[in-house]
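Read the structure below first, then the notes.
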Amino acid sequence: METLQRTLAIVKPDAVAKGAAGDIIATIEQNGFRIIGLKMLHLKKAQAAAFYAVHVGKPFFDSLSAFMTSGPVVVLALEKANAIADWRKLMGATNPANAEAGTIRKKHAESIERNAVHGSDAEDTARFELSFFFSGYELAK
Ligand code: ADP
Ligand code: MG
């Protein structure tokens, strides 16, 4: 039996604003992920900057922070065997121009920045990102 893994997903402000959150959440469930935590938040600048600290100094950092604070997001804790890689695959490439057919970014992303969803990229970042948004008591058993 494969070991269950957890990852952090975000439906970004562009997707929430255009009413795609429900479609994205349904796609998550249809692809075998168990939602063990879910909340809607409107991030403050400092929170977005802390979450994306790994990107400090990159040319797109200020714009990314502004985008991520431009409206509400939906954050989800997901569980599944191989959840981290499988969620990244379902999201599609960062730049929607390179996203494969059938991926969420192919369907919903507007640009390399306004690209609909976020997903943790490794076990250590998943741990950091899950604990950034969820306390242990908030996650379903
Ligand atoms: P991913 O979200 O696929 O893990 P990155 O971690 O590289 O991608 O970047 C984080 C986020 O920053 C992206 O999802 C996107 O919103 C934004 N971003 C990345 N690269 C660029 C870029 N070249 N120009 C503008 N925004 C970018
Ligand atoms: Mg990333």
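Naming works like this for the structure tokens: A, B, ... for the chains as they're shown, residue 1 at the start of each chain, ligands 1 onward in shown order.
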
Identify, on the basis of only C-alpha atoms, every residue whose closest approach to segment 66-77 of chain A does not exceed 7 Å; exclude the query and any residue fewer than 2 positions from it along the same chain; express the result as a list of chain:residue names.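 Neighbouring residues, sequence-local ones excluded: A:Arg6, A:Thr7, A:Leu8, A:Ala9, A:Ile10, A:Val11, A:Lys12, A:Pro13, A:Val16, A:Ile35, A:Ile36, A:Gly37, A:Leu38, A:Lys39, A:Met40, A:Leu41, A:His42, A:Leu43, A:Lys44, A:Lys45, A:Ala48, A:Asp62, A:Ser63, A:Leu64, A:Glu79, A:Leu130.
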
Within 10 Å of ligand 2, which residues of chain A come that close, and what is the closest atom pair and distance in Å for each? Count only C-alpha atoms and all ligand atoms and give it as a Markdown table.
| residue | atom | partner | partner_atom_place_in_ligand_line | distance |
| --- | --- | --- | --- | --- |
| A:Tyr52 | CA | ligand 2 | 1 (Mg) | 8.4 |
| A:Val54 | CA | ligand 2 | 1 (Mg) | 8.7 |
| A:His55 | CA | ligand 2 | 1 (Mg) | 8.7 |
| A:Arg88 | CA | ligand 2 | 1 (Mg) | 9.5 |
| A:Thr94 | CA | ligand 2 | 1 (Mg) | 8.2 |
| A:His118 | CA | ligand 2 | 1 (Mg) | 7.1 |
| A:Gly119 | CA | ligand 2 | 1 (Mg) | 6.7 |
| A:Ser120 | CA | ligand 2 | 1 (Mg) | 6.4 |
| A:Asp121 | CA | ligand 2 | 1 (Mg) | 5.9 |
| A:Ala122 | CA | ligand 2 | 1 (Mg) | 9.3 |
| A:Thr125 | CA | ligand 2 | 1 (Mg) | 9.1 |

Requested in this report: Check the DSSP output for the backbone and give back, as a VMD selection string, the residues of chain A in alpha helix (DSSP H).
Outcome: chain A and resid 13 to 17 21 to 30 45 to 51 61 to 68 83 to 91 104 to 108 123 to 133

Per-residue nearest contacts of segment 8-96 of chain A to segment 100-105 of chain A (7 Å; only C-alpha atoms) as a Markdown table:
| residue | atom | partner | partner_atom | distance |
| --- | --- | --- | --- | --- |
| A:Leu90 | CA | A:Thr103 | CA | 5.1 |
| A:Met91 | CA | A:Ile104 | CA | 4.9 |
| A:Gly92 | CA | A:Thr103 | CA | 5.1 |
| A:Pro96 | CA | A:Arg105 | CA | 5.6 |

Residue subset to file, keeping N, CA, C and O atoms, as a PDB file, in the first residue's frame:
ATOM      1  N   LEU A  90      -1.797  17.715 -12.012  1.00  0.00           N
ATOM      2  CA  LEU A  90      -3.171  18.142 -12.309  1.00  0.00           C
ATOM      3  C   LEU A  90      -3.245  19.660 -12.513  1.00  0.00           C
ATOM      4  O   LEU A  90      -4.046  20.145 -13.315  1.00  0.00           O
ATOM      5  N   MET A  91      -2.391  20.423 -11.818  1.00  0.00           N
ATOM      6  CA  MET A  91      -2.351  21.883 -12.003  1.00  0.00           C
ATOM      7  C   MET A  91      -1.885  22.250 -13.396  1.00  0.00           C
ATOM      8  O   MET A  91      -2.406  23.163 -14.010  1.00  0.00           O
ATOM      9  N   GLY A  92      -0.841  21.595 -13.870  1.00  0.00           N
ATOM     10  CA  GLY A  92      -0.223  21.951 -15.145  1.00  0.00           C
ATOM     11  C   GLY A  92       0.928  22.923 -14.947  1.00  0.00           C
ATOM     12  O   GLY A  92       1.186  23.401 -13.848  1.00  0.00           O
ATOM     13  N   PRO A  96       0.712  28.963 -18.469  1.00  0.00           N
ATOM     14  CA  PRO A  96      -0.380  28.214 -19.122  1.00  0.00           C
ATOM     15  C   PRO A  96      -0.106  27.923 -20.592  1.00  0.00           C
ATOM     16  O   PRO A  96      -0.682  26.978 -21.138  1.00  0.00           O
TER      17      PRO A  96
END

ask   = Could you state the separation of atom CA of Ala140 of chain A and atom CA of Phe128 of chain A in Å, given to one decimal place?
value =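 Atom CA of Phe128 of chain A lies 18.2 Å from atom CA of Ala140 of chain A.
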
Sel. of strand (DSSP E) residues, chain A, as a PDB file with N, CA, C and O atoms, in the first residue's frame:
ATOM      1  N   LEU A   4       0.139   7.585   2.400  1.00  0.00           N
ATOM      2  CA  LEU A   4      -0.574   8.828   2.128  1.00  0.00           C
ATOM      3  C   LEU A   4       0.363  10.013   2.311  1.00  0.00           C
ATOM      4  O   LEU A   4       1.240  10.007   3.164  1.00  0.00           O
ATOM      5  N   GLN A   5       0.147  11.037   1.488  1.00  0.00           N
ATOM      6  CA  GLN A   5       0.963  12.239   1.551  1.00  0.00           C
ATOM      7  C   GLN A   5       0.008  13.438   1.567  1.00  0.00           C
ATOM      8  O   GLN A   5      -1.104  13.349   1.050  1.00  0.00           O
ATOM      9  N   ARG A   6       0.469  14.536   2.142  1.00  0.00           N
ATOM     10  CA  ARG A   6      -0.355  15.749   2.178  1.00  0.00           C
ATOM     11  C   ARG A   6       0.303  16.867   1.381  1.00  0.00           C
ATOM     12  O   ARG A   6       1.531  16.964   1.339  1.00  0.00           O
ATOM     13  N   THR A   7      -0.540  17.722   0.807  1.00  0.00           N
ATOM     14  CA  THR A   7      -0.014  18.878   0.100  1.00  0.00           C
ATOM     15  C   THR A   7      -0.953  20.057   0.289  1.00  0.00           C
ATOM     16  O   THR A   7      -2.097  19.889   0.708  1.00  0.00           O
ATOM     17  N   LEU A   8      -0.444  21.238  -0.011  1.00  0.00           N
ATOM     18  CA  LEU A   8      -1.228  22.468   0.155  1.00  0.00           C
ATOM     19  C   LEU A   8      -1.581  23.000  -1.231  1.00  0.00           C
ATOM     20  O   LEU A   8      -0.695  23.168  -2.077  1.00  0.00           O
ATOM     21  N   ALA A   9      -2.865  23.241  -1.426  1.00  0.00           N
ATOM     22  CA  ALA A   9      -3.351  23.821  -2.676  1.00  0.00           C
ATOM     23  C   ALA A   9      -3.961  25.180  -2.389  1.00  0.00           C
ATOM     24  O   ALA A   9      -4.533  25.394  -1.319  1.00  0.00           O
ATOM     25  N   ILE A  10      -3.828  26.107  -3.341  1.00  0.00           N
ATOM     26  CA  ILE A  10      -4.514  27.398  -3.250  1.00  0.00           C
ATOM     27  C   ILE A  10      -5.248  27.647  -4.567  1.00  0.00           C
ATOM     28  O   ILE A  10      -4.657  27.494  -5.642  1.00  0.00           O
ATOM     29  N   VAL A  11      -6.522  28.014  -4.449  1.00  0.00           N
ATOM     30  CA  VAL A  11      -7.234  28.587  -5.592  1.00  0.00           C
ATOM     31  C   VAL A  11      -6.970  30.087  -5.519  1.00  0.00           C
ATOM     32  O   VAL A  11      -7.360  30.758  -4.558  1.00  0.00           O
ATOM     33  N   ARG A  34      -8.435  13.626  -1.122  1.00  0.00           N
ATOM     34  CA  ARG A  34      -9.345  13.855   0.000  1.00  0.00           C
ATOM     35  C   ARG A  34      -9.056  15.240   0.558  1.00  0.00           C
ATOM     36  O   ARG A  34      -7.897  15.561   0.876  1.00  0.00           O
ATOM     37  N   ILE A  35     -10.096  16.081   0.625  1.00  0.00           N
ATOM     38  CA  ILE A  35      -9.931  17.420   1.192  1.00  0.00           C
ATOM     39  C   ILE A  35     -10.006  17.294   2.707  1.00  0.00           C
ATOM     40  O   ILE A  35     -11.041  16.898   3.243  1.00  0.00           O
ATOM     41  N   ILE A  36      -8.895  17.608   3.385  1.00  0.00           N
ATOM     42  CA  ILE A  36      -8.874  17.477   4.847  1.00  0.00           C
ATOM     43  C   ILE A  36      -8.852  18.838   5.545  1.00  0.00           C
ATOM     44  O   ILE A  36      -8.896  18.907   6.775  1.00  0.00           O
ATOM     45  N   GLY A  37      -8.804  19.909   4.754  1.00  0.00           N
ATOM     46  CA  GLY A  37      -8.902  21.259   5.298  1.00  0.00           C
ATOM     47  C   GLY A  37      -9.245  22.214   4.176  1.00  0.00           C
ATOM     48  O   GLY A  37      -8.809  22.001   3.037  1.00  0.00           O
ATOM     49  N   LEU A  38     -10.048  23.230   4.498  1.00  0.00           N
ATOM     50  CA  LEU A  38     -10.450  24.189   3.455  1.00  0.00           C
ATOM     51  C   LEU A  38     -10.861  25.492   4.114  1.00  0.00           C
ATOM     52  O   LEU A  38     -11.610  25.489   5.092  1.00  0.00           O
ATOM     53  N   LYS A  39     -10.339  26.608   3.620  1.00  0.00           N
ATOM     54  CA  LYS A  39     -10.793  27.905   4.128  1.00  0.00           C
ATOM     55  C   LYS A  39     -10.622  28.990   3.081  1.00  0.00           C
ATOM     56  O   LYS A  39      -9.755  28.884   2.210  1.00  0.00           O
ATOM     57  N   MET A  40     -11.477  30.014   3.171  1.00  0.00           N
ATOM     58  CA  MET A  40     -11.332  31.185   2.302  1.00  0.00           C
ATOM     59  C   MET A  40     -10.704  32.305   3.116  1.00  0.00           C
ATOM     60  O   MET A  40     -11.109  32.563   4.257  1.00  0.00           O
ATOM     61  N   LEU A  41      -9.706  32.961   2.519  1.00  0.00           N
ATOM     62  CA  LEU A  41      -8.960  34.020   3.193  1.00  0.00           C
ATOM     63  C   LEU A  41      -8.700  35.159   2.213  1.00  0.00           C
ATOM     64  O   LEU A  41      -8.598  34.918   1.004  1.00  0.00           O
ATOM     65  N   VAL A  73      -8.717  34.126  -1.575  1.00  0.00           N
ATOM     66  CA  VAL A  73      -8.214  32.839  -2.076  1.00  0.00           C
ATOM     67  C   VAL A  73      -8.912  31.732  -1.285  1.00  0.00           C
ATOM     68  O   VAL A  73      -9.462  31.972  -0.212  1.00  0.00           O
ATOM     69  N   VAL A  74      -8.884  30.528  -1.849  1.00  0.00           N
ATOM     70  CA  VAL A  74      -9.339  29.352  -1.105  1.00  0.00           C
ATOM     71  C   VAL A  74      -8.120  28.452  -0.911  1.00  0.00           C
ATOM     72  O   VAL A  74      -7.460  28.084  -1.898  1.00  0.00           O
ATOM     73  N   VAL A  75      -7.788  28.153   0.344  1.00  0.00           N
ATOM     74  CA  VAL A  75      -6.657  27.260   0.612  1.00  0.00           C
ATOM     75  C   VAL A  75      -7.190  25.896   1.033  1.00  0.00           C
ATOM     76  O   VAL A  75      -8.178  25.807   1.768  1.00  0.00           O
ATOM     77  N   LEU A  76      -6.533  24.857   0.533  1.00  0.00           N
ATOM     78  CA  LEU A  76      -6.978  23.488   0.809  1.00  0.00           C
ATOM     79  C   LEU A  76      -5.803  22.612   1.224  1.00  0.00           C
ATOM     80  O   LEU A  76      -4.717  22.695   0.630  1.00  0.00           O
ATOM     81  N   ALA A  77      -6.042  21.783   2.222  1.00  0.00           N
ATOM     82  CA  ALA A  77      -5.099  20.713   2.569  1.00  0.00           C
ATOM     83  C   ALA A  77      -5.623  19.437   1.923  1.00  0.00           C
ATOM     84  O   ALA A  77      -6.786  19.070   2.110  1.00  0.00           O
ATOM     85  N   LEU A  78      -4.767  18.810   1.120  1.00  0.00           N
ATOM     86  CA  LEU A  78      -5.177  17.627   0.347  1.00  0.00           C
ATOM     87  C   LEU A  78      -4.388  16.409   0.795  1.00  0.00           C
ATOM     88  O   LEU A  78      -3.198  16.516   1.103  1.00  0.00           O
ATOM     89  N   GLU A  79      -5.046  15.261   0.745  1.00  0.00           N
ATOM     90  CA  GLU A  79      -4.380  14.005   1.120  1.00  0.00           C
ATOM     91  C   GLU A  79      -4.663  12.929   0.076  1.00  0.00           C
ATOM     92  O   GLU A  79      -5.780  12.783  -0.409  1.00  0.00           O
ATOM     93  N   LYS A  80      -3.603  12.158  -0.219  1.00  0.00           N
ATOM     94  CA  LYS A  80      -3.688  11.125  -1.255  1.00  0.00           C
ATOM     95  C   LYS A  80      -2.312  10.464  -1.326  1.00  0.00           C
ATOM     96  O   LYS A  80      -1.317  11.077  -0.930  1.00  0.00           O
ATOM     97  N   ALA A  81      -2.232   9.275  -1.834  1.00  0.00           N
ATOM     98  CA  ALA A  81      -0.918   8.718  -2.152  1.00  0.00           C
ATOM     99  C   ALA A  81      -0.278   9.601  -3.228  1.00  0.00           C
ATOM    100  O   ALA A  81      -0.945   9.985  -4.189  1.00  0.00           O
ATOM    101  N   VAL A 117      -3.993  28.468  -9.726  1.00  0.00           N
ATOM    102  CA  VAL A 117      -3.768  27.563  -8.592  1.00  0.00           C
ATOM    103  C   VAL A 117      -2.308  27.538  -8.151  1.00  0.00           C
ATOM    104  O   VAL A 117      -1.401  27.842  -8.927  1.00  0.00           O
ATOM    105  N   HIS A 118      -2.129  27.127  -6.896  1.00  0.00           N
ATOM    106  CA  HIS A 118      -0.802  26.893  -6.316  1.00  0.00           C
ATOM    107  C   HIS A 118      -0.728  25.461  -5.808  1.00  0.00           C
ATOM    108  O   HIS A 118      -1.730  24.906  -5.350  1.00  0.00           O
ATOM    109  N   GLY A 119       0.462  24.890  -5.819  1.00  0.00           N
ATOM    110  CA  GLY A 119       0.692  23.597  -5.188  1.00  0.00           C
ATOM    111  C   GLY A 119       2.098  23.503  -4.636  1.00  0.00           C
ATOM    112  O   GLY A 119       3.059  23.997  -5.254  1.00  0.00           O
TER     113      GLY A 119
END

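Considering only C-alpha atoms and all ligand atoms, the residue among A:Glu138, A:Glu113, A:Glu129, A:Glu29 positioned nearest to ligand 1 is A:Glu113.
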
Counting only C-alpha atoms, closest pick from A:Leu139, A:Asp23, A:Ala50, A:Phe33 relative to Asp86 of chain A is A:Phe33

Could you state the separation of atom CA of Ala97 of chain A and atom CA of Ile112 of chain A in Å, given to one decimal place?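 Atom CA of Ile112 of chain A lies at a distance of 8.0 Å from atom CA of Ala97 of chain A.
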